[in-house]
Amino acid sequence: MRSKAQNSINLKPLIILFSFFLFLLVLKLGSNFSSNIQNLQSKYIDFTAPCHKIPPSLAEALVHYASTNITPQQTYQELQITLRVLEQKSPTNFLIFGLGYDSLMWSMLNYGGKTIFLEESDAWMQDVKKQIPSIEAFHVTYNTKVTEAVQLLHLGKEENCKVVTDPRSSKCHLAIKTFPDEVYNTEWDVIMIDAPTGYKAELPGRMTAIYTAGLLARNKRFGDTDIFVHDIDRWVENKFSMDFLCDGYWKEEVGRIRHFTIPSHRGGVERPFCP
Ligand SMILES: C[S@@+](CC[C@H](N)C(=O)[O-])C[C@H]1O[C@@H](n2cnc3c(N)ncnc32)[C@H](O)[C@@H]1O
């Protein structure tokens with residue numbers, strides 16, 4: 001008959017072997033668990049993204065629009081096409097003809113970029129600046145009237161108007177030369193034409209604004225410029241945008257807004273004024 005001591009000696013290698021396999025199993029489960037956690041982390045959590053608070057100016061804009069019953073004139077659908085372009089391009093250089101209830105929105109949608117407004121009414125510009133001190137706007141003058149639109153359209157067909165140059169040195173009657181230098185010295189990536197006023201015969205109309213915006217875009221050293229023209233249901237906005245921003249550069253239109261994408265006409269590529 002075997003003693004108790006002999007029995008326990010025979011079991012020892014088995015216990016050691018079992019412990020070894022148990023150790024390997026724990027090791028394997030542990031490594032699977034941590035690699036699963038890593039997979040989940042890389043799938044759902046971007047640990048490299050910095051954690052930001054909403055910028056104070058953006059918070060101010062939200063409160064501004066949430067507490068006013070005066071909304072911008074462009075409709076939700078009209079705003080979408082500029083929004084889509086700004087989503088891709090911002091922060092960018094964004095030039096806007098006209099100050100309005102949409103100005104703070106445009107500045108915020110181009111957060112971190114350069115957004116400049118050109119306004120014909122000094123009184124209105126002071127009002128807006130009082131409400132939104134961060135707005136960067138210049139008072140500008142236009143020396144045209146809506147009544148001159150047909151004559152200006154003919155003048156715009158002259159060869160001088162097809163020459164791509166800085167508007168300050170253009171010989172075209174439609175080129176505005178009196179804007180602040182910053183307007184000519186900046187390469188604009190997005191331009192919104194929602195001014196000057198043109199709803200009455202004696203108002204300036206957008207003839208020269210449309211032509212000059214197109215010239216700034218063509219004269220850019222590199223890249224495309226997205227130009228938006230609002231109020232295309234009116235004769236001036238419709239005709240001047242199609243003739244000087246060109247059918248060939250037409251991208252889309254929604255409601256009363258039309259979108260053109262104009263390439264640089266510099267950088268060695270020979271291009272006609274309109275494709
Ligand atoms: C068609 S509005 C632009 C409106 C702008 N898109 C908006 O949503 O408010 C163009 C011009 O109208 C004039 N304007 C617009 N709102 C005004 C106001 N409340 N008082 C005085 N002028 C205004 C400004 O001269 C402005 O540049």
# chains A, B, ... in the order shown; residues from 1 in each chain; ligands from 1
>>> residues_near_ligand(ligand="ligand 1", cutoff="10 Å", atoms="only C-alpha atoms and all ligand atoms", output="PyMOL selection string")
chain A and resi 70-75+96-103+105+117-125+127-128+139+192-199+230-231
>>> select_by_dssp(residues="stretch 147-221 of chain A", states="strand (DSSP E)", output="PyMOL selection string")
chain A and resi 190-193
>>> write_last_selection(atoms="C-alpha atoms", output="PDB file, in the first residue's frame")
ATOM      1  CA  VAL A 190     -14.704  83.399 -51.616  1.00  0.00           C
ATOM      2  CA  ILE A 191     -16.649  86.532 -52.629  1.00  0.00           C
ATOM      3  CA  MET A 192     -20.296  87.250 -51.799  1.00  0.00           C
ATOM      4  CA  ILE A 193     -22.032  90.003 -53.808  1.00  0.00           C
TER       5      ILE A 193
END
>>> residues_around(residues="A:Ile54", least_positions_apart="5", cutoff="12 Å", atoms="only C-alpha atoms", output="list in words")
Ala59, Glu60, Ala61, Leu62, Met108 and Tyr111 of chain A
>>> write_last_selection(atoms="C-alpha atoms", output="mmCIF file, in the first residue's frame")
data_model
loop_
_atom_site.group_PDB
_atom_site.id
_atom_site.type_symbol
_atom_site.label_atom_id
_atom_site.label_comp_id
_atom_site.auth_asym_id
_atom_site.auth_seq_id
_atom_site.Cartn_x
_atom_site.Cartn_y
_atom_site.Cartn_z
ATOM 1 C CA ALA A 59 -20.837 81.635 -28.304
ATOM 2 C CA GLU A 60 -21.672 85.356 -28.633
ATOM 3 C CA ALA A 61 -22.889 84.772 -32.212
ATOM 4 C CA LEU A 62 -25.145 81.911 -31.114
ATOM 5 C CA MET A 108 -18.319 83.037 -37.758
ATOM 6 C CA TYR A 111 -13.861 81.456 -38.101
#
>>> residues_around(residues="A:Lys177", least_positions_apart="6", cutoff="10 Å", atoms="only C-alpha atoms", output="short mmCIF file (atom, residue, chain, number, x, y, z; two decimals) with C-alpha atoms, in the first residue's frame")
data_model
loop_
_atom_site.label_atom_id
_atom_site.label_comp_id
_atom_site.auth_asym_id
_atom_site.auth_seq_id
_atom_site.Cartn_x
_atom_site.Cartn_y
_atom_site.Cartn_z
CA ASP A 166 -5.25 94.60 -60.97
CA PRO A 167 -8.52 96.60 -61.07
CA ARG A 168 -6.56 99.73 -60.06
CA SER A 169 -4.69 99.64 -63.35
CA SER A 170 -7.57 98.43 -65.54
CA TYR A 184 -6.73 94.62 -54.03
CA THR A 212 -14.60 93.93 -60.27
#
>>> select_by_dssp(residues="stretch 85-240 of chain A", states="alpha helix (DSSP H)", output="short mmCIF file (atom, residue, chain, number, x, y, z; two decimals) with C-alpha atoms, in the first residue's frame")
data_model
loop_
_atom_site.label_atom_id
_atom_site.label_comp_id
_atom_site.auth_asym_id
_atom_site.auth_seq_id
_atom_site.Cartn_x
_atom_site.Cartn_y
_atom_site.Cartn_z
CA VAL A 85 -18.04 76.04 -49.86
CA LEU A 86 -16.98 77.62 -46.55
CA GLU A 87 -16.98 74.19 -44.89
CA GLN A 88 -14.35 73.16 -47.40
CA LYS A 89 -12.36 76.39 -47.68
CA SER A 103 -22.72 89.58 -41.40
CA LEU A 104 -21.99 87.99 -38.03
CA MET A 105 -22.96 84.60 -39.43
CA TRP A 106 -20.49 84.95 -42.35
CA SER A 107 -17.70 86.03 -40.00
CA MET A 108 -18.32 83.04 -37.76
CA LEU A 109 -18.61 80.56 -40.64
CA ASP A 122 -21.71 104.90 -43.57
CA ALA A 123 -24.64 105.29 -41.15
CA TRP A 124 -25.65 101.63 -41.53
CA MET A 125 -22.04 100.53 -41.14
CA GLN A 126 -21.74 102.47 -37.86
CA ASP A 127 -24.99 100.87 -36.62
CA VAL A 128 -23.72 97.38 -37.40
CA LYS A 129 -20.28 98.08 -35.91
CA LYS A 130 -21.94 99.29 -32.70
CA GLN A 131 -23.83 96.01 -32.42
CA ALA A 149 -26.82 99.45 -66.56
CA VAL A 150 -27.47 98.95 -70.31
CA GLN A 151 -24.81 101.47 -71.28
CA LEU A 152 -22.32 99.87 -68.85
CA LEU A 153 -23.08 96.44 -70.31
CA HIS A 154 -22.02 97.70 -73.76
CA LEU A 155 -18.88 99.37 -72.35
CA ASP A 181 -5.77 98.77 -50.85
CA GLU A 182 -6.41 95.73 -48.64
CA VAL A 183 -9.15 94.66 -51.06
CA TYR A 184 -6.73 94.62 -54.03
CA ASN A 185 -3.76 93.26 -52.08
CA MET A 207 -22.79 96.25 -62.26
CA THR A 208 -19.29 97.36 -61.26
CA ALA A 209 -19.21 95.17 -58.12
CA ILE A 210 -19.83 92.04 -60.24
CA TYR A 211 -17.25 92.97 -62.88
CA THR A 212 -14.60 93.93 -60.27
CA ALA A 213 -15.13 90.73 -58.26
CA GLY A 214 -14.58 88.71 -61.45
CA LEU A 215 -11.42 90.66 -62.21
CA LEU A 216 -10.04 90.11 -58.68
CA ALA A 217 -10.67 86.38 -59.12
CA ARG A 218 -8.99 86.14 -62.54
CA TRP A 235 -32.05 92.06 -64.58
CA VAL A 236 -28.69 93.58 -63.53
CA GLU A 237 -27.61 90.70 -61.28
CA ASN A 238 -28.72 88.09 -63.81
CA LYS A 239 -27.21 89.70 -66.92
CA PHE A 240 -23.95 91.05 -65.45
#
>>> closest_atom_pairs(of="stretch 73-144 of chain A", to="stretch 250-256 of chain A", cutoff="10 Å", atoms="only C-alpha atoms", output="Markdown table")
| residue | atom | partner | partner_atom | distance |
| --- | --- | --- | --- | --- |
| A:Gln74 | CA | A:Arg256 | CA | 8.2 |
| A:Thr75 | CA | A:Gly255 | CA | 8.1 |
| A:Gln77 | CA | A:Val254 | CA | 6.9 |
| A:Glu78 | CA | A:Val254 | CA | 5.6 |
| A:Leu79 | CA | A:Val254 | CA | 9.0 |
| A:Gln80 | CA | A:Val254 | CA | 9.0 |
| A:Ile81 | CA | A:Val254 | CA | 7.9 |
>>> write_last_selection(atoms="N, CA and C atoms", output="PDB file, in the first residue's frame")
ATOM      1  N   GLN A  74     -31.256  85.930 -46.931  1.00  0.00           N
ATOM      2  CA  GLN A  74     -31.138  84.710 -47.735  1.00  0.00           C
ATOM      3  C   GLN A  74     -31.867  83.567 -47.024  1.00  0.00           C
ATOM      4  N   THR A  75     -32.484  82.711 -47.838  1.00  0.00           N
ATOM      5  CA  THR A  75     -33.244  81.605 -47.260  1.00  0.00           C
ATOM      6  C   THR A  75     -32.285  80.496 -46.811  1.00  0.00           C
ATOM      7  N   GLN A  77     -32.133  77.449 -47.828  1.00  0.00           N
ATOM      8  CA  GLN A  77     -31.586  76.719 -48.988  1.00  0.00           C
ATOM      9  C   GLN A  77     -30.502  77.544 -49.684  1.00  0.00           C
ATOM     10  N   GLU A  78     -30.748  78.871 -49.780  1.00  0.00           N
ATOM     11  CA  GLU A  78     -29.738  79.737 -50.422  1.00  0.00           C
ATOM     12  C   GLU A  78     -28.436  79.734 -49.627  1.00  0.00           C
ATOM     13  N   LEU A  79     -28.569  79.788 -48.299  1.00  0.00           N
ATOM     14  CA  LEU A  79     -27.372  79.832 -47.445  1.00  0.00           C
ATOM     15  C   LEU A  79     -26.552  78.543 -47.534  1.00  0.00           C
ATOM     16  N   GLN A  80     -27.243  77.430 -47.826  1.00  0.00           N
ATOM     17  CA  GLN A  80     -26.561  76.132 -47.843  1.00  0.00           C
ATOM     18  C   GLN A  80     -25.396  76.082 -48.831  1.00  0.00           C
ATOM     19  N   ILE A  81     -25.549  76.742 -50.012  1.00  0.00           N
ATOM     20  CA  ILE A  81     -24.482  76.564 -51.009  1.00  0.00           C
ATOM     21  C   ILE A  81     -23.205  77.297 -50.586  1.00  0.00           C
TER      22      ILE A  81
END
>>> atom_distance(atom1="atom CA of A:His173", atom2="atom CA of A:Thr144")
10.5 Å
